[in-house]
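Visitor: For reference, this is run.tsv, and it has TSV, C-alpha atoms.
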chain	number	residue	atom	x	y	z
A	1	MET	CA	-12.21	-23.90	25.99
A	2	ALA	CA	-11.28	-24.71	22.40
A	3	SER	CA	-11.36	-21.02	21.52
A	4	ASP	CA	-9.14	-20.19	24.46
A	5	SER	CA	-6.62	-22.85	23.50
A	6	GLY	CA	-6.68	-21.64	19.88
A	7	ASP	CA	-6.06	-18.06	20.97
A	8	ALA	CA	-3.19	-19.22	23.13
A	9	LEU	CA	-1.69	-21.20	20.26
A	10	PHE	CA	-1.84	-18.31	17.78
A	11	GLY	CA	-0.71	-15.85	20.44
A	12	THR	CA	2.38	-17.99	20.96
A	13	ARG	CA	3.11	-18.60	17.30
A	14	PHE	CA	2.74	-14.99	16.17
A	15	SER	CA	3.66	-13.07	19.29
A	16	THR	CA	7.03	-11.73	18.18
A	17	PRO	CA	7.26	-8.61	15.98
A	18	SER	CA	9.47	-10.34	13.42
A	19	ARG	CA	6.95	-13.14	12.89
A	20	ARG	CA	4.06	-10.73	12.51
A	21	VAL	CA	6.01	-8.62	10.02
A	22	ALA	CA	6.93	-11.76	8.05
A	23	LEU	CA	3.27	-12.79	7.97
A	24	ALA	CA	2.20	-9.31	6.82
A	25	VAL	CA	4.84	-9.23	4.07
A	26	ALA	CA	3.84	-12.72	2.89
A	27	GLY	CA	0.22	-11.56	2.74
A	28	THR	CA	1.24	-8.49	0.74
A	29	ILE	CA	3.14	-10.62	-1.77
A	30	LEU	CA	0.21	-12.99	-2.19
A	31	PHE	CA	-2.31	-10.16	-2.59
A	32	ALA	CA	-0.12	-8.22	-5.04
A	33	LEU	CA	0.40	-11.37	-7.10
A	34	VAL	CA	-3.34	-11.97	-7.32
A	35	VAL	CA	-4.01	-8.36	-8.33
A	36	LEU	CA	-1.30	-8.38	-11.01
A	37	ALA	CA	-2.57	-11.71	-12.38
A	38	ILE	CA	-6.14	-10.40	-12.57
A	39	VAL	CA	-5.08	-7.19	-14.31
A	40	GLY	CA	-2.72	-9.06	-16.64
A	41	ALA	CA	-5.48	-11.49	-17.66
A	42	ASP	CA	-7.82	-8.58	-18.46
A	43	LEU	CA	-10.34	-9.79	-15.87
A	44	PHE	CA	-10.29	-6.35	-14.35
A	45	SER	CA	-9.11	-3.01	-15.69
A	46	ILE	CA	-8.16	0.06	-13.69
A	47	PRO	CA	-10.53	2.91	-14.63
A	48	ALA	CA	-9.41	5.35	-17.29
A	49	GLY	CA	-7.79	8.45	-15.86
A	50	THR	CA	-5.71	6.70	-13.18
A	51	THR	CA	-2.83	4.53	-14.31
A	52	GLU	CA	-3.13	6.02	-17.80
A	53	ILE	CA	-2.14	9.41	-16.40
A	54	VAL	CA	1.00	7.93	-14.89
A	55	ARG	CA	1.76	6.05	-18.09
A	56	GLY	CA	1.47	9.25	-20.11
A	57	LEU	CA	3.76	11.16	-17.76
A	58	LEU	CA	6.34	8.38	-17.92
A	59	GLN	CA	6.24	8.28	-21.69
A	60	ASP	CA	6.68	12.04	-21.97
A	61	TYR	CA	9.12	12.77	-19.15
A	62	GLY	CA	10.65	9.42	-18.13
A	63	LEU	CA	12.51	9.06	-14.84
A	64	LEU	CA	12.00	12.73	-13.92
A	65	ALA	CA	8.24	12.19	-13.94
A	66	LEU	CA	8.65	8.97	-11.95
A	67	PHE	CA	10.67	10.79	-9.29
A	68	ALA	CA	8.16	13.64	-9.06
A	69	VAL	CA	5.17	11.30	-8.84
A	70	PHE	CA	6.84	9.31	-6.09
A	71	VAL	CA	7.60	12.48	-4.12
A	72	ILE	CA	3.87	13.19	-4.26
A	73	GLU	CA	3.09	9.58	-3.31
A	74	GLY	CA	5.48	9.71	-0.36
A	75	ALA	CA	3.82	12.90	0.89
A	76	MET	CA	0.43	11.11	0.71
A	77	LEU	CA	-0.88	13.51	-1.93
A	78	LEU	CA	-1.28	11.01	-4.76
A	79	TYR	CA	-5.02	10.93	-5.40
A	80	PHE	CA	-5.07	10.41	-9.17
A	81	ALA	CA	-3.50	6.94	-9.36
A	82	PRO	CA	-3.08	3.93	-7.05
A	83	SER	CA	0.47	3.91	-5.70
A	84	GLU	CA	0.69	0.15	-6.28
A	85	SER	CA	0.48	0.80	-10.04
A	86	LEU	CA	3.45	3.17	-10.29
A	87	VAL	CA	6.44	0.84	-10.48
A	88	PRO	CA	4.59	-1.77	-12.60
A	89	ALA	CA	3.68	1.02	-15.04
A	90	ALA	CA	7.27	2.27	-15.07
A	91	VAL	CA	8.60	-1.25	-15.65
A	92	LEU	CA	6.29	-1.60	-18.66
A	93	VAL	CA	7.05	1.82	-20.13
A	94	LEU	CA	10.70	2.53	-19.27
A	95	THR	CA	12.60	-0.73	-18.99
A	96	ASP	CA	14.31	-3.06	-21.44
A	97	SER	CA	16.84	-4.70	-19.11
A	98	THR	CA	17.54	-5.68	-15.52
A	99	LEU	CA	19.63	-2.52	-15.12
A	100	ASP	CA	16.68	-0.41	-16.27
A	101	VAL	CA	14.47	-2.07	-13.65
A	102	ALA	CA	17.08	-1.38	-10.95
A	103	VAL	CA	17.21	2.30	-11.98
A	104	VAL	CA	13.40	2.56	-11.86
A	105	ILE	CA	13.37	1.07	-8.36
A	106	ALA	CA	16.16	3.41	-7.18
A	107	VAL	CA	14.36	6.49	-8.51
A	108	ALA	CA	11.09	5.32	-6.93
A	109	VAL	CA	12.72	4.78	-3.55
A	110	ALA	CA	14.49	8.16	-3.67
A	111	GLY	CA	11.31	10.03	-4.61
A	112	ALA	CA	9.09	8.30	-2.06
A	113	THR	CA	11.65	8.84	0.68
A	114	VAL	CA	11.91	12.56	-0.10
A	115	GLY	CA	8.12	12.85	0.06
A	116	GLN	CA	7.83	10.89	3.29
A	117	VAL	CA	10.63	12.82	4.99
A	118	ALA	CA	8.94	16.10	4.01
A	119	LEU	CA	5.65	14.93	5.54
A	120	PHE	CA	7.51	13.57	8.58
A	121	LEU	CA	9.16	16.95	9.19
A	122	LEU	CA	5.84	18.72	8.78
A	123	ALA	CA	4.28	16.46	11.41
A	124	LYS	CA	7.30	16.85	13.67
A	125	ARG	CA	7.19	20.63	13.56
A	126	GLY	CA	3.51	21.36	13.01
A	127	GLY	CA	1.90	18.76	15.25
A	128	ARG	CA	-1.23	16.64	15.02
A	129	GLU	CA	-3.88	19.37	15.11
A	130	TYR	CA	-2.07	21.38	12.45
A	131	LEU	CA	-2.27	18.46	10.01
A	132	LEU	CA	-5.87	17.54	10.83
A	133	GLU	CA	-6.93	21.13	10.06
A	134	LYS	CA	-5.40	21.01	6.55
A	135	ARG	CA	-7.81	20.24	3.73
A	136	TRP	CA	-5.16	18.39	1.72
A	137	PHE	CA	-4.49	15.99	4.61
A	138	ASN	CA	-6.76	13.11	3.72
A	139	VAL	CA	-6.45	11.09	6.94
A	140	GLY	CA	-9.13	11.34	9.61
A	141	ALA	CA	-8.52	11.54	13.35
A	142	ASP	CA	-9.80	7.99	13.99
A	143	ARG	CA	-7.52	6.49	11.37
A	144	LEU	CA	-4.59	8.51	12.63
A	145	ASP	CA	-5.29	7.23	16.16
A	146	ARG	CA	-5.11	3.66	14.87
A	147	PHE	CA	-1.71	4.19	13.29
A	148	ASP	CA	-0.51	6.08	16.36
A	149	ALA	CA	-1.31	2.92	18.32
A	150	TRP	CA	0.68	0.86	15.79
A	151	PHE	CA	3.71	3.08	16.29
A	152	GLN	CA	3.37	3.05	20.08
A	153	ARG	CA	3.23	-0.75	20.02
A	154	TRP	CA	5.92	-1.57	17.47
A	155	GLY	CA	8.15	1.50	17.56
A	156	PRO	CA	10.56	2.24	14.66
A	157	LEU	CA	9.97	-1.27	13.22
A	158	ALA	CA	6.51	-0.13	12.17
A	159	VAL	CA	7.93	2.34	9.62
A	160	PRO	CA	9.60	-0.14	7.21
A	161	ALA	CA	6.92	-2.76	7.91
A	162	SER	CA	4.07	-0.43	6.94
A	163	ASN	CA	5.94	0.74	3.84
A	164	THR	CA	6.24	-2.87	2.72
A	165	MET	CA	2.51	-3.56	2.92
A	166	LEU	CA	-0.34	-2.70	0.58
A	167	PHE	CA	-2.74	0.01	1.73
A	168	THR	CA	-0.60	1.10	4.70
A	169	ARG	CA	2.27	2.73	2.83
A	170	GLY	CA	3.22	6.01	4.45
A	171	MET	CA	0.69	5.70	7.24
A	172	LEU	CA	3.36	5.56	9.95
A	173	THR	CA	5.04	8.74	8.68
A	174	ILE	CA	2.83	11.01	10.76
A	175	PRO	CA	3.03	9.00	14.01
A	176	ALA	CA	6.82	8.83	13.66
A	177	GLY	CA	7.00	12.59	13.23
A	178	LEU	CA	4.66	13.24	16.16
A	179	ALA	CA	6.83	10.96	18.30
A	180	GLU	CA	9.85	13.10	17.30
A	181	MET	CA	11.76	10.15	15.91
A	182	ASP	CA	15.29	10.94	14.70
A	183	THR	CA	15.04	12.24	11.14
A	184	ARG	CA	17.98	10.26	9.73
A	185	THR	CA	16.70	7.05	11.31
A	186	PHE	CA	13.27	7.66	9.84
A	187	ALA	CA	14.69	8.32	6.37
A	188	VAL	CA	16.70	5.09	6.41
A	189	LEU	CA	13.81	2.96	7.68
A	190	SER	CA	11.39	4.60	5.25
A	191	ALA	CA	13.72	3.90	2.32
A	192	LEU	CA	14.22	0.27	3.37
A	193	GLY	CA	10.48	-0.33	3.53
A	194	THR	CA	9.86	1.31	0.17
A	195	LEU	CA	12.75	-0.62	-1.38
A	196	SER	CA	11.32	-3.96	-0.28
A	197	PHE	CA	7.83	-3.01	-1.50
A	198	GLU	CA	8.97	-1.81	-4.92
A	199	VAL	CA	11.29	-4.81	-5.42
A	200	ILE	CA	8.33	-7.09	-4.71
A	201	LEU	CA	6.10	-5.23	-7.17
A	202	ALA	CA	8.78	-5.12	-9.88
A	203	ALA	CA	9.55	-8.82	-9.49
A	204	LEU	CA	5.88	-9.76	-9.61
A	205	THR	CA	5.34	-7.55	-12.65
A	206	LEU	CA	8.21	-9.22	-14.51
A	207	GLY	CA	6.96	-12.63	-13.42
A	208	VAL	CA	3.45	-11.99	-14.72
A	209	LEU	CA	4.84	-10.61	-17.99
A	210	ASN	CA	6.96	-13.74	-18.43
A	211	VAL	CA	3.98	-16.00	-17.76
A	212	LEU	CA	1.73	-14.10	-20.14
A	213	GLY	CA	4.50	-13.46	-22.58
Please re-express this file's structure in structure tokens.

Guide:
Amino acid sequence: MASDSGDALFGTRFSTPSRRVALAVAGTILFALVVLAIVGADLFSIPAGTTEIVRGLLQDYGLLALFAVFVIEGAMLLYFAPSESLVPAAVLVLTDSTLDVAVVIAVAVAGATVGQVALFLLAKRGGREYLLEKRWFNVGADRLDRFDAWFQRWGPLAVPASNTMLFTRGMLTIPAGLAEMDTRTFAVLSALGTLSFEVILAALTLGVLNVLG
């Protein structure tokens, strides 16, 4: 009986989409803050050959490299560095002012949106089986089914929500394309989700730097 009443209570409290999204975003912020604090305190280091590659590209080619890397990230082809490290690395390497940080975020959002729209159009025109047959498409059928269910349940809201959360970025791109969502609507929602995610990461990066600084 206690379990049933508990389920009813939580079902009531977190039944609306807006509340669930708020809870997911709050969890993302908390998790990202913990990760940044651990990395900043040298309790954990990302293996050589991941973030260092991004850092080198940024140092050599600046915002052009950032845009290109984010296009790849948006298309879900970024296998050589964790996407969560991109904006923090760019903030460390490329910025000296608040305006610089804003430019980094704008370039990141533009690049990721271009990549996601390209993948969205490919899914929209090619279909599910076409993507699953491609060797570069690193999402299995079971995982794709799970995110299809997310999209069927939450609709367009799932696109910006997933782009705001760790480990689910871009995962609703394919279901949105398969559902033949309007391309302009997808691009706007994708950009909004990426913007919120990158603003969170940039703010947390600056906060950790100030604390350690």

Visitor: Would you mind listing what lies within 10 Å of region 142-145 of chain A as a ChimeraX atom specification, with all atoms listed in the file counted and same-chain residues fewer than 5 positions away left out?

Guide: /A:128,132,150-151,171-172,174-175

Visitor: Mind giving me the straight-line distance from CA of Phe120 (chain A) to CA of Ala90 (chain A) in Å, one decimal?

Guide: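 Computing it gives 26.2 Å between the two atoms.
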
Visitor: Tell me, in Å to one decimal, how far CA of Val114 (chain A) is from CA of Ala75 (chain A).

Guide: 8.2 Å

Visitor: Name the closest residue to Thr95 (chain A) among the candidates A:Thr164, A:Thr113, A:Thr173, A:Gln59; distances are taken between atoms, counting only C-alpha atoms.

Guide: A:Gln59

Visitor: Nearest residue to Ala102 (chain A) out of A:Val87, A:Met181, A:Ala191, A:Val117, using all atoms listed in the file?

Guide: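 Nearest to Ala102 (chain A): A:Val87.
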
Visitor: Quote the spacing between CA of Phe70 (chain A) and CA of Gly115 (chain A) in Å to one decimal place.

Guide: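 CA of Gly115 (chain A) lies 7.2 Å from CA of Phe70 (chain A).
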
Visitor: Choose the residue, out of A:Thr183, A:Ser162, A:Gln116, A:Gln152, that has the smallest atom-to-atom separation from Val71 (chain A); count only C-alpha atoms.

Guide: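 The answer is A:Gln116, which sits nearest to Val71 (chain A).
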
Visitor: May I ask which of the residues A:Val199, A:Ala176, A:Ala110, A:Leu64 is the closest one to Phe147 (chain A), counting only C-alpha atoms?

Guide: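 The answer is A:Ala176, which sits nearest to Phe147 (chain A).
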
Visitor: From the set A:Val101, A:Ala202, A:Val208, A:Ala123, which residue has the shortest atom-to-atom contact distance to Ala179 (chain A), counting all atoms listed in the file?

Guide: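 Smallest distance to Ala179 (chain A) is found for A:Ala123.
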
Visitor: Of the residues A:Asn138, A:Leu92, A:Lys124, A:Val69, which is the one nearest to Gly111 (chain A), using all atoms listed in the file?

Guide: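 So, comparing all the options, the nearest one is A:Val69.
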